[in-house]
>>> print(open('coords.txt').read())   # compact mmCIF, C-alpha atoms
# COMPACT_ATOMS: atom_id res chain seq x y z
CA MET A 12 0.00 0.00 0.00
CA LEU A 13 1.21 3.51 -0.78
CA THR A 14 1.89 5.89 2.06
CA THR A 15 3.03 9.47 2.51
CA ASP A 16 5.66 8.25 5.00
CA TYR A 17 8.19 8.24 2.19
CA VAL A 18 11.37 6.18 2.25
CA PRO A 19 13.88 5.66 -0.59
CA GLY A 20 12.41 3.85 -3.57
CA THR A 21 8.75 4.53 -2.80
CA PRO A 22 6.53 6.57 -5.15
CA ASN A 23 6.44 10.13 -3.81
CA TRP A 24 5.44 12.35 -6.76
CA LEU A 25 3.35 12.20 -9.90
CA ASP A 26 2.99 14.68 -12.71
CA LEU A 27 1.43 14.92 -16.12
CA GLY A 28 3.13 16.36 -19.16
CA ALA A 29 0.34 17.91 -21.23
CA PRO A 30 0.21 19.80 -24.54
CA ASP A 31 -2.69 21.91 -23.21
CA ILE A 32 -2.75 22.60 -19.46
CA ASP A 33 -6.25 24.08 -19.46
CA ALA A 34 -7.68 21.09 -21.34
CA ALA A 35 -5.97 18.67 -18.94
CA VAL A 36 -7.32 20.53 -15.92
CA THR A 37 -10.83 20.53 -17.40
CA PHE A 38 -10.70 16.77 -18.06
CA TYR A 39 -9.32 15.64 -14.70
CA SER A 40 -11.53 18.07 -12.78
CA ALA A 41 -14.55 16.44 -14.41
CA VAL A 42 -13.31 12.88 -13.82
CA PHE A 43 -11.86 13.15 -10.29
CA GLY A 44 -13.08 16.48 -8.94
CA TRP A 45 -9.55 17.88 -8.77
CA THR A 46 -8.79 21.59 -8.59
CA PHE A 47 -5.70 23.30 -10.00
CA LEU A 48 -3.26 25.46 -8.07
CA SER A 49 -0.60 27.28 -10.11
CA ALA A 50 2.98 27.05 -8.85
CA GLY A 51 3.41 30.68 -9.85
CA PRO A 52 4.59 32.65 -12.90
CA GLU A 53 8.20 31.53 -12.42
CA ALA A 54 7.17 27.84 -12.78
CA GLY A 55 6.44 28.05 -16.51
CA GLY A 56 2.85 26.88 -16.32
CA TYR A 57 3.49 24.04 -13.85
CA GLY A 58 0.90 23.59 -11.13
CA PHE A 59 -0.70 21.17 -8.72
CA PHE A 60 -3.78 18.98 -8.88
CA GLN A 61 -5.47 19.16 -5.49
CA LEU A 62 -8.24 17.30 -3.70
CA ASP A 63 -9.66 18.67 -0.47
CA GLY A 64 -6.77 21.14 -0.37
CA LYS A 65 -4.08 18.44 -0.60
CA THR A 66 -1.82 17.75 -3.58
CA VAL A 67 -2.56 14.50 -5.43
CA GLY A 68 -0.47 15.21 -8.54
CA ALA A 69 0.83 17.95 -10.78
CA VAL A 70 0.70 19.04 -14.41
CA GLY A 71 3.05 20.99 -16.62
CA PRO A 72 3.74 21.68 -20.29
CA LEU A 73 5.67 19.26 -22.45
CA THR A 74 9.28 20.44 -22.51
CA GLU A 75 11.22 17.74 -24.37
CA GLU A 76 11.36 17.74 -28.16
CA GLY A 77 9.08 15.05 -29.57
CA ALA A 78 7.56 14.28 -26.16
CA THR A 79 4.04 12.89 -25.97
CA SER A 80 1.60 13.37 -23.13
CA ALA A 81 2.21 10.98 -20.22
CA TRP A 82 2.08 10.65 -16.47
CA THR A 83 5.52 10.41 -14.86
CA VAL A 84 5.92 8.48 -11.63
CA TYR A 85 8.69 9.74 -9.34
CA PHE A 86 10.36 7.69 -6.64
CA HIS A 87 11.91 8.97 -3.43
CA SER A 88 15.66 9.46 -3.46
CA GLY A 89 17.79 10.66 -0.59
CA ASP A 90 20.45 11.68 -3.13
CA ALA A 91 19.29 12.33 -6.70
CA ASP A 92 22.87 12.60 -7.94
CA ALA A 93 23.80 9.20 -6.53
CA THR A 94 20.62 7.67 -7.98
CA SER A 95 21.46 9.18 -11.36
CA LYS A 96 24.85 7.45 -11.31
CA ALA A 97 23.22 4.17 -10.27
CA VAL A 98 20.73 4.44 -13.13
CA GLU A 99 23.49 4.95 -15.68
CA GLN A 100 25.60 2.13 -14.26
CA ALA A 101 22.59 -0.20 -14.52
CA GLY A 102 22.03 0.64 -18.18
CA GLY A 103 19.43 3.41 -17.94
CA SER A 104 19.71 6.85 -19.47
CA VAL A 105 19.41 10.33 -17.99
CA ARG A 106 16.75 12.51 -19.64
CA VAL A 107 16.92 15.37 -17.15
CA PRO A 108 20.05 15.60 -14.97
CA PRO A 109 19.55 16.25 -11.26
CA MET A 110 18.43 19.83 -10.70
CA ASP A 111 17.06 21.93 -7.86
CA VAL A 112 13.43 23.00 -8.05
CA PHE A 113 13.70 26.23 -6.09
CA THR A 114 13.75 25.09 -2.42
CA ALA A 115 11.06 22.43 -2.95
CA GLY A 116 13.53 19.63 -3.67
CA ARG A 117 15.79 18.10 -6.28
CA MET A 118 14.55 16.10 -9.25
CA ALA A 119 15.87 14.06 -12.13
CA ALA A 120 14.23 12.12 -14.97
CA PHE A 121 15.39 8.87 -16.54
CA THR A 122 14.55 6.15 -19.03
CA ASP A 123 15.05 2.51 -18.07
CA PRO A 124 16.81 0.07 -20.44
CA GLN A 125 13.47 -1.12 -21.85
CA GLY A 126 12.32 2.41 -22.69
CA SER A 127 10.05 3.39 -19.79
CA ASP A 128 10.35 6.92 -18.41
CA PHE A 129 10.37 7.66 -14.67
CA GLY A 130 11.81 10.19 -12.27
CA VAL A 131 13.14 10.70 -8.75
CA TRP A 132 12.27 13.35 -6.21
CA GLN A 133 14.71 14.27 -3.44
CA PRO A 134 12.59 16.17 -0.91
CA GLY A 135 13.38 19.67 0.25
CA ASP A 136 10.54 21.83 1.45
CA VAL A 137 8.12 19.53 -0.40
CA GLN A 138 8.17 15.94 0.82
CA GLY A 139 5.91 14.63 -1.92
CA LEU A 140 2.24 14.04 -2.62
CA GLU A 141 0.02 14.95 0.30
CA LYS A 142 -2.74 12.43 -0.37
CA VAL A 143 -2.50 8.83 -1.61
CA MET A 144 -4.53 5.66 -1.03
CA ASP A 145 -7.78 7.60 -1.09
CA VAL A 146 -10.71 8.05 -3.43
CA ASN A 147 -9.60 9.97 -6.54
CA ALA A 148 -5.93 9.80 -5.49
CA MET A 149 -3.07 7.57 -6.61
CA CYS A 150 -3.13 4.16 -4.99
CA TRP A 151 -0.87 2.02 -7.18
CA THR A 152 1.89 2.26 -9.78
CA GLU A 153 2.44 -0.17 -12.62
CA LEU A 154 5.12 -0.82 -15.21
CA PHE A 155 4.39 -2.40 -18.58
CA THR A 156 7.69 -3.59 -20.02
CA THR A 157 9.15 -5.68 -22.83
CA ASP A 158 11.54 -7.47 -20.45
CA ALA A 159 10.22 -8.01 -16.93
CA ALA A 160 13.32 -9.87 -15.75
CA GLY A 161 15.61 -7.14 -17.07
CA ALA A 162 13.43 -4.40 -15.57
CA LYS A 163 13.47 -6.06 -12.16
CA LYS A 164 17.26 -6.31 -12.24
CA PHE A 165 17.55 -2.65 -13.24
CA TYR A 166 15.24 -1.28 -10.55
CA THR A 167 16.88 -3.42 -7.91
CA SER A 168 20.19 -1.79 -8.84
CA ALA A 169 18.66 1.69 -8.79
CA PHE A 170 16.38 1.41 -5.73
CA SER A 171 17.06 -1.94 -4.00
CA TRP A 172 13.51 -3.03 -4.77
CA GLU A 173 12.23 -6.44 -3.75
CA TYR A 174 9.65 -8.52 -5.60
CA GLN A 175 6.96 -11.11 -5.05
CA ASP A 176 5.95 -12.94 -8.22
CA MET A 177 2.26 -13.74 -8.67
CA PRO A 178 1.25 -16.15 -11.48
CA MET A 179 -1.44 -14.81 -13.84
CA GLY A 180 -2.76 -17.61 -15.99
CA GLU A 181 -0.51 -20.19 -17.60
CA ASP A 182 2.32 -18.05 -18.97
CA MET A 183 2.15 -14.63 -17.30
CA VAL A 184 3.62 -13.37 -14.05
CA TYR A 185 2.79 -10.17 -12.18
CA SER A 186 5.61 -8.99 -9.91
CA LEU A 187 4.64 -7.00 -6.83
CA VAL A 188 7.19 -4.29 -6.00
CA SER A 189 8.21 -3.16 -2.53
CA SER A 190 10.93 -0.96 -1.09
CA PRO A 191 12.82 -1.92 2.08
CA GLY A 192 11.13 -0.04 4.89
CA GLY A 193 8.27 1.14 2.70
CA GLY A 194 4.54 0.64 2.83
CA LYS A 195 2.35 -0.12 5.79
CA PRO A 196 2.59 -3.09 8.15
CA GLY A 197 1.13 -6.15 6.49
CA ASP A 198 1.36 -4.83 2.94
CA THR A 199 4.52 -3.13 1.73
CA SER A 200 3.75 -3.50 -1.99
CA GLN A 201 3.72 -0.20 -3.89
CA GLY A 202 3.29 -1.28 -7.49
CA GLY A 203 3.61 -4.01 -10.05
CA ILE A 204 5.66 -5.03 -13.07
CA MET A 205 4.17 -6.94 -15.97
CA GLN A 206 5.62 -8.00 -19.30
CA LEU A 207 3.65 -6.73 -22.28
CA PRO A 208 2.20 -9.59 -24.33
CA GLN A 209 3.32 -9.68 -27.94
CA GLU A 210 -0.13 -8.68 -29.18
CA ASN A 211 0.15 -5.44 -27.20
CA LEU A 212 3.50 -4.68 -28.79
CA ASP A 213 2.11 -5.49 -32.22
CA ALA A 214 -0.70 -3.01 -31.52
CA GLY A 215 1.86 -0.26 -30.98
CA ASN A 216 1.89 -0.11 -27.18
CA ALA A 217 5.22 0.96 -25.71
CA PRO A 218 6.81 0.28 -22.32
CA GLU A 219 5.59 2.79 -19.74
CA TRP A 220 4.78 3.52 -16.11
CA HIS A 221 1.21 4.55 -15.31
CA PRO A 222 -0.71 5.41 -12.14
CA TYR A 223 -3.88 3.85 -10.75
CA PHE A 224 -6.41 6.14 -9.13
CA GLY A 225 -8.82 4.80 -6.52
CA VAL A 226 -12.53 5.29 -7.20
CA THR A 227 -15.79 4.42 -5.48
CA ASP A 228 -17.50 3.31 -8.71
CA CYS A 229 -15.18 2.13 -11.48
CA ASP A 230 -17.94 1.97 -14.10
CA ALA A 231 -19.27 5.44 -13.39
CA THR A 232 -15.83 7.09 -13.38
CA PHE A 233 -14.90 5.18 -16.53
CA ALA A 234 -18.08 6.41 -18.24
CA THR A 235 -17.34 10.02 -17.25
CA ALA A 236 -13.78 9.77 -18.62
CA ALA A 237 -14.98 8.23 -21.89
CA GLU A 238 -17.67 10.89 -22.28
CA ARG A 239 -15.00 13.56 -21.79
CA GLY A 240 -12.87 12.18 -24.64
CA ALA A 241 -10.72 9.45 -23.11
CA THR A 242 -9.70 6.47 -25.22
CA VAL A 243 -10.60 3.03 -23.86
CA LEU A 244 -7.68 0.66 -23.35
CA MET A 245 -9.45 -1.80 -21.05
CA PRO A 246 -13.12 -1.51 -20.08
CA PRO A 247 -14.11 -2.14 -16.46
CA SER A 248 -13.46 -5.75 -15.49
CA ASP A 249 -13.18 -7.74 -12.29
CA ALA A 250 -9.85 -9.03 -11.02
CA PRO A 251 -10.53 -11.60 -8.28
CA GLY A 252 -8.95 -10.63 -4.99
CA VAL A 253 -7.99 -7.21 -6.37
CA GLY A 254 -11.10 -5.33 -7.42
CA ARG A 255 -12.66 -3.79 -10.51
CA LEU A 256 -10.20 -2.23 -12.93
CA ALA A 257 -10.22 -0.12 -16.06
CA MET A 258 -7.57 1.57 -18.16
CA LEU A 259 -7.79 4.58 -20.46
CA LYS A 260 -5.80 7.25 -22.24
CA ASP A 261 -6.81 10.81 -21.52
CA PRO A 262 -7.75 13.01 -24.50
CA ALA A 263 -4.08 13.96 -25.02
CA GLY A 264 -2.94 10.32 -24.92
CA ALA A 265 -1.63 9.83 -21.36
CA PRO A 266 -2.41 6.33 -19.97
CA PHE A 267 -3.92 5.93 -16.52
CA ALA A 268 -5.97 3.32 -14.70
CA LEU A 269 -8.88 3.14 -12.28
CA ILE A 270 -9.42 0.71 -9.44
CA LYS A 271 -12.24 0.00 -7.03
CA GLY A 272 -10.84 -2.32 -4.40
CA ASP A 273 -12.35 -5.71 -3.71
CA PRO A 274 -14.21 -5.34 -0.38
CA THR A 275 -13.58 -8.99 0.42
CA THR A 276 -9.83 -8.32 0.64
CA SER A 277 -9.93 -4.97 2.45
>>> encode(input="coords.txt", output="structure tokens")
Amino acid sequence: MLTTDYVPGTPNWLDLGAPDIDAAVTFYSAVFGWTFLSAGPEAGGYGFFQLDGKTVGAVGPLTEEGATSAWTVYFHSGDADATSKAVEQAGGSVRVPPMDVFTAGRMAAFTDPQGSDFGVWQPGDVQGLEKVMDVNAMCWTELFTTDAAGAKKFYTSAFSWEYQDMPMGEDMVYSLVSSPGGGKPGDTSQGGIMQLPQENLDAGNAPEWHPYFGVTDCDATFATAAERGATVLMPPSDAPGVGRLAMLKDPAGAPFALIKGDPTTS
């Protein structure tokens, strides 16, 4: 389970790169009831998605040449420069070198060896997201990759992650991710890693990290997102022991997922 008691390797920030900030705010406000708080004129359009006055994510303009809209998951680092070196040594690449964000903290952005983008956040004045594991807030992170074994080796080198493999059908494995010292007692898992089936790759899907947002009614939230222009990747479906899930791309093309937990496992 995610928590705001951040330790190294745990998800502690989430932001959306969007070609149109106003359109993104309009969409996610309708779907999740979020409000937008600008980070100020010096932040170049960057601002915060808030729920009940607490930050649940952020949004900013696309800044890299050729970039497409996507959510970026950031993981806690006590030393962004050291993590950057570890990423390179493990075969990843640095997209944005470690840099200070005013006094809020220090960030860096990377691409893993399989092509998935992610970032790290070294807290300063801002520790991270203020609300997780709640309705309309992030409650899970997930990596789709072309090489699950290679991805697990890479992230272990970068963050010392640990894994618990869960069989899914005859030939698929879902690996639960946890960070040493992270999570809550009884459930330290913070995300999952799954290898993309060949048919997904043939359909043009690329390796990527995406967030799950908790909802009270997966079907109703899914319908609202679709009505507001989202593209359907996976309609609402039941996952025994997990809950009811759905996956979409927002109108600008950023993937995200919905989950209503299974009450029998809560």
>>> closest_residue(input="coords.txt", among="A:Ala159, A:Ala241, A:Leu27, A:Ala231", to="Tyr85 in chain A", atoms="all atoms listed in the file")
A:Leu27
>>> residues_around(input="coords.txt", residues="Thr21 in chain A", least_positions_apart="2", cutoff="9 Å", atoms="all atoms listed in the file", output="list in words")
Leu13, Thr14, Tyr17, Val18, Pro19, Asn23, Tyr85, Phe86, His87, Ser88, Phe170, Ser189, Ser190, Gly193, Gly194 and Gln201 of chain A
>>> residues_around(input="coords.txt", residues="Phe129 in chain A", least_positions_apart="4", cutoff="6 Å", atoms="all atoms listed in the file", output="MDAnalysis selection string")
chainID A and resid 83:85 120:121
>>> residues_around(input="coords.txt", residues="Leu154 in chain A", least_positions_apart="4", cutoff="12 Å", atoms="all atoms listed in the file", output="mmCIF file with C-alpha atoms, keeping the file's coordinate frame")
data_model
loop_
_atom_site.group_PDB
_atom_site.id
_atom_site.type_symbol
_atom_site.label_atom_id
_atom_site.label_comp_id
_atom_site.auth_asym_id
_atom_site.auth_seq_id
_atom_site.Cartn_x
_atom_site.Cartn_y
_atom_site.Cartn_z
ATOM 1 C CA TRP A 82 2.080 10.650 -16.470
ATOM 2 C CA THR A 83 5.520 10.410 -14.860
ATOM 3 C CA VAL A 84 5.920 8.480 -11.630
ATOM 4 C CA ASP A 123 15.050 2.510 -18.070
ATOM 5 C CA GLN A 125 13.470 -1.120 -21.850
ATOM 6 C CA GLY A 126 12.320 2.410 -22.690
ATOM 7 C CA SER A 127 10.050 3.390 -19.790
ATOM 8 C CA ASP A 128 10.350 6.920 -18.410
ATOM 9 C CA PHE A 129 10.370 7.660 -14.670
ATOM 10 C CA ASP A 158 11.540 -7.470 -20.450
ATOM 11 C CA ALA A 159 10.220 -8.010 -16.930
ATOM 12 C CA ALA A 162 13.430 -4.400 -15.570
ATOM 13 C CA LYS A 163 13.470 -6.060 -12.160
ATOM 14 C CA TYR A 166 15.240 -1.280 -10.550
ATOM 15 C CA TYR A 185 2.790 -10.170 -12.180
ATOM 16 C CA SER A 186 5.610 -8.990 -9.910
ATOM 17 C CA LEU A 187 4.640 -7.000 -6.830
ATOM 18 C CA VAL A 188 7.190 -4.290 -6.000
ATOM 19 C CA GLN A 201 3.720 -0.200 -3.890
ATOM 20 C CA GLY A 202 3.290 -1.280 -7.490
ATOM 21 C CA GLY A 203 3.610 -4.010 -10.050
ATOM 22 C CA ILE A 204 5.660 -5.030 -13.070
ATOM 23 C CA MET A 205 4.170 -6.940 -15.970
ATOM 24 C CA GLN A 206 5.620 -8.000 -19.300
ATOM 25 C CA LEU A 207 3.650 -6.730 -22.280
ATOM 26 C CA ALA A 217 5.220 0.960 -25.710
ATOM 27 C CA PRO A 218 6.810 0.280 -22.320
ATOM 28 C CA GLU A 219 5.590 2.790 -19.740
ATOM 29 C CA TRP A 220 4.780 3.520 -16.110
ATOM 30 C CA HIS A 221 1.210 4.550 -15.310
ATOM 31 C CA PRO A 222 -0.710 5.410 -12.140
ATOM 32 C CA TYR A 223 -3.880 3.850 -10.750
ATOM 33 C CA PRO A 266 -2.410 6.330 -19.970
ATOM 34 C CA PHE A 267 -3.920 5.930 -16.520
ATOM 35 C CA ALA A 268 -5.970 3.320 -14.700
#
>>> residues_around(input="coords.txt", residues="range 244-252 of chain A", least_positions_apart="4", cutoff="7 Å", atoms="all atoms listed in the file", output="PDB file with C-alpha atoms, in the frame of the given file")
ATOM      1  CA  CYS A 229     -15.180   2.130 -11.480  1.00  0.00           C
ATOM      2  CA  ASP A 230     -17.940   1.970 -14.100  1.00  0.00           C
ATOM      3  CA  LEU A 256     -10.200  -2.230 -12.930  1.00  0.00           C
ATOM      4  CA  ALA A 257     -10.220  -0.120 -16.060  1.00  0.00           C
ATOM      5  CA  MET A 258      -7.570   1.570 -18.160  1.00  0.00           C
ATOM      6  CA  LEU A 259      -7.790   4.580 -20.460  1.00  0.00           C
ATOM      7  CA  LYS A 260      -5.800   7.250 -22.240  1.00  0.00           C
ATOM      8  CA  ASP A 273     -12.350  -5.710  -3.710  1.00  0.00           C
ATOM      9  CA  THR A 276      -9.830  -8.320   0.640  1.00  0.00           C
TER      10      THR A 276
END
